[in-house]
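Student: Next comes the structure file structure-v2.cif, holding mmCIF, C-alpha atoms and all ligand atoms.
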data_data
#
loop_
_atom_site.label_atom_id
_atom_site.label_comp_id
_atom_site.auth_asym_id
_atom_site.auth_seq_id
_atom_site.Cartn_x
_atom_site.Cartn_y
_atom_site.Cartn_z
CA MET A 1 9.38 16.95 -31.93
CA THR A 2 11.75 14.97 -34.12
CA ALA A 3 13.90 12.10 -32.90
CA GLY A 4 16.87 14.43 -32.92
CA ASP A 5 15.33 16.71 -30.23
CA LYS A 6 15.25 13.98 -27.63
CA PRO A 7 18.43 13.90 -25.51
CA PHE A 8 20.35 10.65 -25.82
CA LEU A 9 21.42 8.60 -22.80
CA THR A 10 23.76 10.24 -20.30
CA ASP A 11 27.46 9.71 -20.98
CA ILE A 12 28.65 6.67 -19.03
CA GLU A 13 31.65 8.49 -17.50
CA GLU A 14 29.26 11.14 -16.20
CA LEU A 15 27.01 8.41 -14.71
CA ARG A 16 30.02 6.85 -12.98
CA ARG A 17 30.99 10.22 -11.53
CA ARG A 18 27.46 10.85 -10.24
CA ALA A 19 27.18 7.32 -8.81
CA ARG A 20 30.32 7.91 -6.76
CA LYS A 21 28.70 10.92 -5.05
CA ASP A 22 26.67 10.29 -1.86
CA MET A 23 27.59 6.60 -1.75
CA ASP A 24 26.01 6.39 1.73
CA ARG A 25 22.57 6.93 0.16
CA GLY A 26 22.60 3.38 -1.19
CA ALA A 27 19.94 2.86 -3.89
CA VAL A 28 19.02 6.56 -3.96
CA THR A 29 21.01 8.45 -6.59
CA SER A 30 20.95 11.99 -7.95
CA SER A 31 18.58 10.68 -10.66
CA TYR A 32 15.81 10.16 -8.10
CA GLY A 33 13.05 12.28 -9.55
CA LEU A 34 10.92 13.15 -6.54
CA ASP A 35 11.24 14.94 -3.22
CA ILE A 36 12.55 12.00 -1.20
CA GLY A 37 11.13 13.28 2.10
CA GLN A 38 7.70 13.56 0.54
CA ALA A 39 8.00 10.07 -0.96
CA ILE A 40 8.87 8.63 2.45
CA ASP A 41 5.96 10.51 4.08
CA VAL A 42 3.52 9.09 1.54
CA LEU A 43 4.86 5.58 2.12
CA ASN A 44 4.59 5.99 5.89
CA ARG A 45 0.92 6.88 5.45
CA VAL A 46 0.51 3.76 3.30
CA LEU A 47 2.26 1.76 6.04
CA ALA A 48 -0.12 3.14 8.70
CA SER A 49 -3.11 2.30 6.50
CA GLU A 50 -1.94 -1.26 5.99
CA ILE A 51 -1.40 -1.73 9.74
CA VAL A 52 -4.89 -0.38 10.50
CA CYS A 53 -6.27 -2.83 7.91
CA VAL A 54 -4.42 -5.73 9.56
CA LEU A 55 -5.92 -4.76 12.94
CA ARG A 56 -9.44 -4.36 11.54
CA TYR A 57 -9.37 -7.67 9.66
CA LYS A 58 -7.93 -9.47 12.69
CA ARG A 59 -10.68 -8.11 14.89
CA HIS A 60 -13.26 -9.18 12.30
CA PHE A 61 -11.71 -12.63 12.00
CA TYR A 62 -12.03 -13.24 15.74
CA MET A 63 -15.50 -11.69 15.96
CA ALA A 64 -17.07 -13.50 13.02
CA THR A 65 -19.77 -15.75 14.44
CA GLY A 66 -23.03 -17.21 13.26
CA ILE A 67 -24.25 -19.71 10.75
CA ASN A 68 -22.44 -18.15 7.75
CA ALA A 69 -19.33 -17.20 9.66
CA GLU A 70 -16.72 -19.78 8.71
CA PRO A 71 -16.01 -18.90 5.04
CA VAL A 72 -16.25 -15.19 5.87
CA ALA A 73 -13.84 -15.55 8.79
CA GLN A 74 -11.37 -17.34 6.50
CA GLU A 75 -11.61 -14.44 4.03
CA PHE A 76 -10.96 -11.94 6.86
CA LEU A 77 -7.90 -13.91 7.92
CA GLN A 78 -6.55 -14.12 4.38
CA HIS A 79 -6.99 -10.36 3.98
CA ALA A 80 -5.26 -9.70 7.34
CA ASN A 81 -2.28 -11.74 6.14
CA ASP A 82 -2.20 -9.92 2.77
CA GLU A 83 -2.25 -6.52 4.50
CA GLN A 84 0.56 -7.64 6.82
CA LEU A 85 2.65 -8.56 3.78
CA HIS A 86 1.88 -5.14 2.26
CA ALA A 87 3.00 -3.42 5.48
CA ASP A 88 6.30 -5.33 5.36
CA GLN A 89 6.89 -4.57 1.68
CA VAL A 90 6.24 -0.86 2.23
CA ALA A 91 8.47 -0.72 5.34
CA LEU A 92 11.29 -2.34 3.36
CA ARG A 93 10.89 0.16 0.53
CA ILE A 94 11.02 3.05 3.02
CA THR A 95 14.39 1.81 4.29
CA GLN A 96 15.66 1.43 0.71
CA LEU A 97 14.83 5.09 0.21
CA GLY A 98 16.86 5.97 3.29
CA GLY A 99 13.86 6.58 5.53
CA ALA A 100 12.60 5.05 8.77
CA PRO A 101 9.31 3.13 8.80
CA ASP A 102 6.94 4.65 11.36
CA PHE A 103 5.43 1.90 13.53
CA ASP A 104 4.49 4.27 16.36
CA PRO A 105 0.99 3.32 17.57
CA GLU A 106 0.58 6.93 18.66
CA GLY A 107 -1.08 8.74 15.77
CA LEU A 108 -1.49 5.58 13.71
CA LEU A 109 -5.12 6.38 12.84
CA THR A 110 -4.23 9.95 11.96
CA ARG A 111 -1.57 8.79 9.51
CA SER A 112 -3.85 6.08 8.09
CA ILE A 113 -6.27 6.75 5.25
CA ALA A 114 -8.20 3.58 6.16
CA GLU A 115 -10.51 3.65 9.16
CA TYR A 116 -10.80 1.22 12.03
CA LYS A 117 -14.43 0.21 12.44
CA PRO A 118 -14.96 -2.71 14.81
CA GLY A 119 -18.34 -3.67 13.33
CA THR A 120 -20.91 -5.88 15.02
CA SER A 121 -22.77 -8.17 12.64
CA LEU A 122 -21.09 -10.14 9.89
CA VAL A 123 -22.68 -7.95 7.22
CA ASP A 124 -21.60 -4.79 9.07
CA MET A 125 -18.03 -5.96 9.21
CA ILE A 126 -17.93 -6.89 5.51
CA LYS A 127 -19.42 -3.50 4.60
CA GLU A 128 -16.84 -1.63 6.69
CA ASP A 129 -14.04 -3.62 5.09
CA LEU A 130 -15.39 -3.02 1.60
CA LEU A 131 -15.60 0.70 2.31
CA ALA A 132 -12.02 0.77 3.60
CA GLU A 133 -10.79 -1.13 0.54
CA ARG A 134 -12.58 1.26 -1.81
CA VAL A 135 -11.01 4.31 -0.13
CA VAL A 136 -7.58 2.68 -0.33
CA ILE A 137 -8.11 1.75 -4.00
CA MET A 138 -8.81 5.38 -4.91
CA TRP A 139 -5.87 6.67 -2.87
CA TYR A 140 -3.37 4.08 -4.11
CA GLY A 141 -4.38 4.91 -7.68
CA GLU A 142 -3.37 8.51 -7.02
CA ILE A 143 -0.12 7.40 -5.43
CA VAL A 144 0.71 5.19 -8.44
CA ARG A 145 0.23 8.21 -10.71
CA TRP A 146 2.27 10.43 -8.40
CA PHE A 147 5.28 8.08 -8.40
CA GLY A 148 4.82 7.63 -12.15
CA ASP A 149 8.09 7.49 -14.07
CA GLN A 150 9.96 9.31 -11.30
CA ASP A 151 10.29 6.22 -9.09
CA SER A 152 9.21 3.19 -11.06
CA THR A 153 10.21 0.69 -8.34
CA THR A 154 7.84 2.23 -5.80
CA ARG A 155 5.21 2.70 -8.48
CA ARG A 156 5.33 -1.02 -9.31
CA LEU A 157 5.07 -1.91 -5.62
CA MET A 158 2.04 0.33 -5.25
CA GLU A 159 0.49 -1.16 -8.40
CA GLU A 160 0.92 -4.61 -6.87
CA LEU A 161 -0.80 -3.45 -3.66
CA LEU A 162 -3.56 -1.76 -5.64
CA ALA A 163 -4.28 -4.95 -7.60
CA LYS A 164 -4.54 -6.91 -4.34
CA GLU A 165 -6.88 -4.34 -2.76
CA GLU A 166 -9.11 -4.57 -5.82
CA GLU A 167 -9.17 -8.34 -5.36
CA HIS A 168 -10.12 -7.82 -1.69
CA ALA A 169 -12.96 -5.45 -2.61
CA ASN A 170 -14.19 -7.95 -5.17
CA ASP A 171 -14.13 -10.81 -2.63
CA LEU A 172 -16.06 -8.72 -0.10
CA ALA A 173 -18.68 -7.65 -2.64
CA GLY A 174 -19.10 -11.34 -3.51
CA LEU A 175 -19.59 -12.26 0.15
CA LEU A 176 -22.24 -9.56 0.59
CA GLU A 177 -24.09 -10.85 -2.44
CA GLU A 178 -24.04 -14.43 -1.13
CA LEU A 179 -25.25 -13.39 2.31
CA ASP A 180 -28.05 -11.44 0.66
CA ARG A 181 -29.46 -14.58 -0.93
FE FE B 1 -3.08 -3.77 1.58
FE FE B 2 -6.98 -4.87 1.22
#
How would this structure read if it were set down as structure tokens?
Tutor:
Amino acid sequence: MTAGDKPFLTDIEELRRRARKDMDRGAVTSSYGLDIGQAIDVLNRVLASEIVCVLRYKRHFYMATGINAEPVAQEFLQHANDEQLHADQVALRITQLGGAPDFDPEGLLTRSIAEYKPGTSLVDMIKEDLLAERVVIMWYGEIVRWFGDQDSTTRRLMEELLAKEEEHANDLAGLLEELDR
């Protein structure tokens, strides 16, 4: 393909005409490259997963006891707060896309890709959290690729979340190693 085959930018008058259509859709224009309903569904599943992660980490924070508990509990709390921020960022993005964030507790676990495992011992809890993070890392990677160039704003948001989940997994693996010693 030569440079000449690639279409040049859309004529500005044409862009202005298109922008004037469906003004009530706010940030969503006719250039939006994906099925918007599907995009909102995916984000609502991300939202559910983040909420389940908040709940799991909160439970673990309050249940962390024993001689090694304090630094681990602090890590659980930090993660709970990070996941809460993720939930808020995703909910905001859903509204920007013209959707409604689903906070219905009914069916939350069904929508979530992450599991809620209460855990008993400190090591158990860390392992469950690490597992949940690893599932989320794989799934968010797919979501990043799915949004791709079609919705770069959501893709960047999901990349940001993905990077944080990788950090979480890394922290948890480090804690397991320390407790093993
Ligand atoms: Fe998260
Ligand atoms: Fe996480």
Student: Please write out the residues within 7 Å of ligand FE 1 (chain B) as a list in words, counting only C-alpha atoms and all ligand atoms.
Tutor: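 Using only C-alpha atoms and all ligand atoms, I find these residues within 7 Å of ligand FE 1 (chain B): Glu50, Asp82, Glu83, His86, Leu161, Lys164 and Glu165 of chain A.
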Student: Which protein, DNA or RNA residues have an atom within 10 Å of ligand FE 2 (chain B), counting only C-alpha atoms and all ligand atoms, as a ChimeraX atom specification?
Tutor: /A:49-50,53-54,57,76,78-84,86,114,129-130,132-134,136-137,161-169,172
Student: So the first atom is atom CA of A:Arg56 and the second is atom CA of A:Gly107; what is the distance between them in Å, to one decimal place?
Tutor: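 That distance, rounded to one decimal, is 16.1 Å.
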Student: Determine, counting all atoms listed in the file, which protein, DNA and RNA residues have an atom within 10 Å of an atom of A:Asp35; residues of the same chain fewer than 4 positions away are not included. Present the result as a ChimeraX atom specification.
Tutor: /A:39-40,150
Student: So how many Å separate atom CA of A:Arg145 and atom CA of A:Gln89, to one decimal?
Tutor: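 We find that atom CA of A:Arg145 and atom CA of A:Gln89 lie 19.0 Å from each other.
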Student: Would you compute the distance between atom CA of A:Leu15 and atom CA of A:Ala27? Give it in Å to one decimal.
Tutor: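 A separation of 14.1 Å between them.
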Student: Hey, which of A:Glu75, A:Tyr32, A:Arg25, A:Ala48 ends up closest to A:Ser152? Count all atoms listed in the file.
Tutor: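 Among the listed residues, the smallest separation from A:Ser152 belongs to A:Tyr32.
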Student: Would you mind telling me which residue in A:Pro101, A:Ser121, A:Gly26, A:Thr153 lies nearest to A:Asn68 when using all atoms listed in the file?
Tutor: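 Of the candidates, the smallest distance to A:Asn68 is held by A:Ser121.
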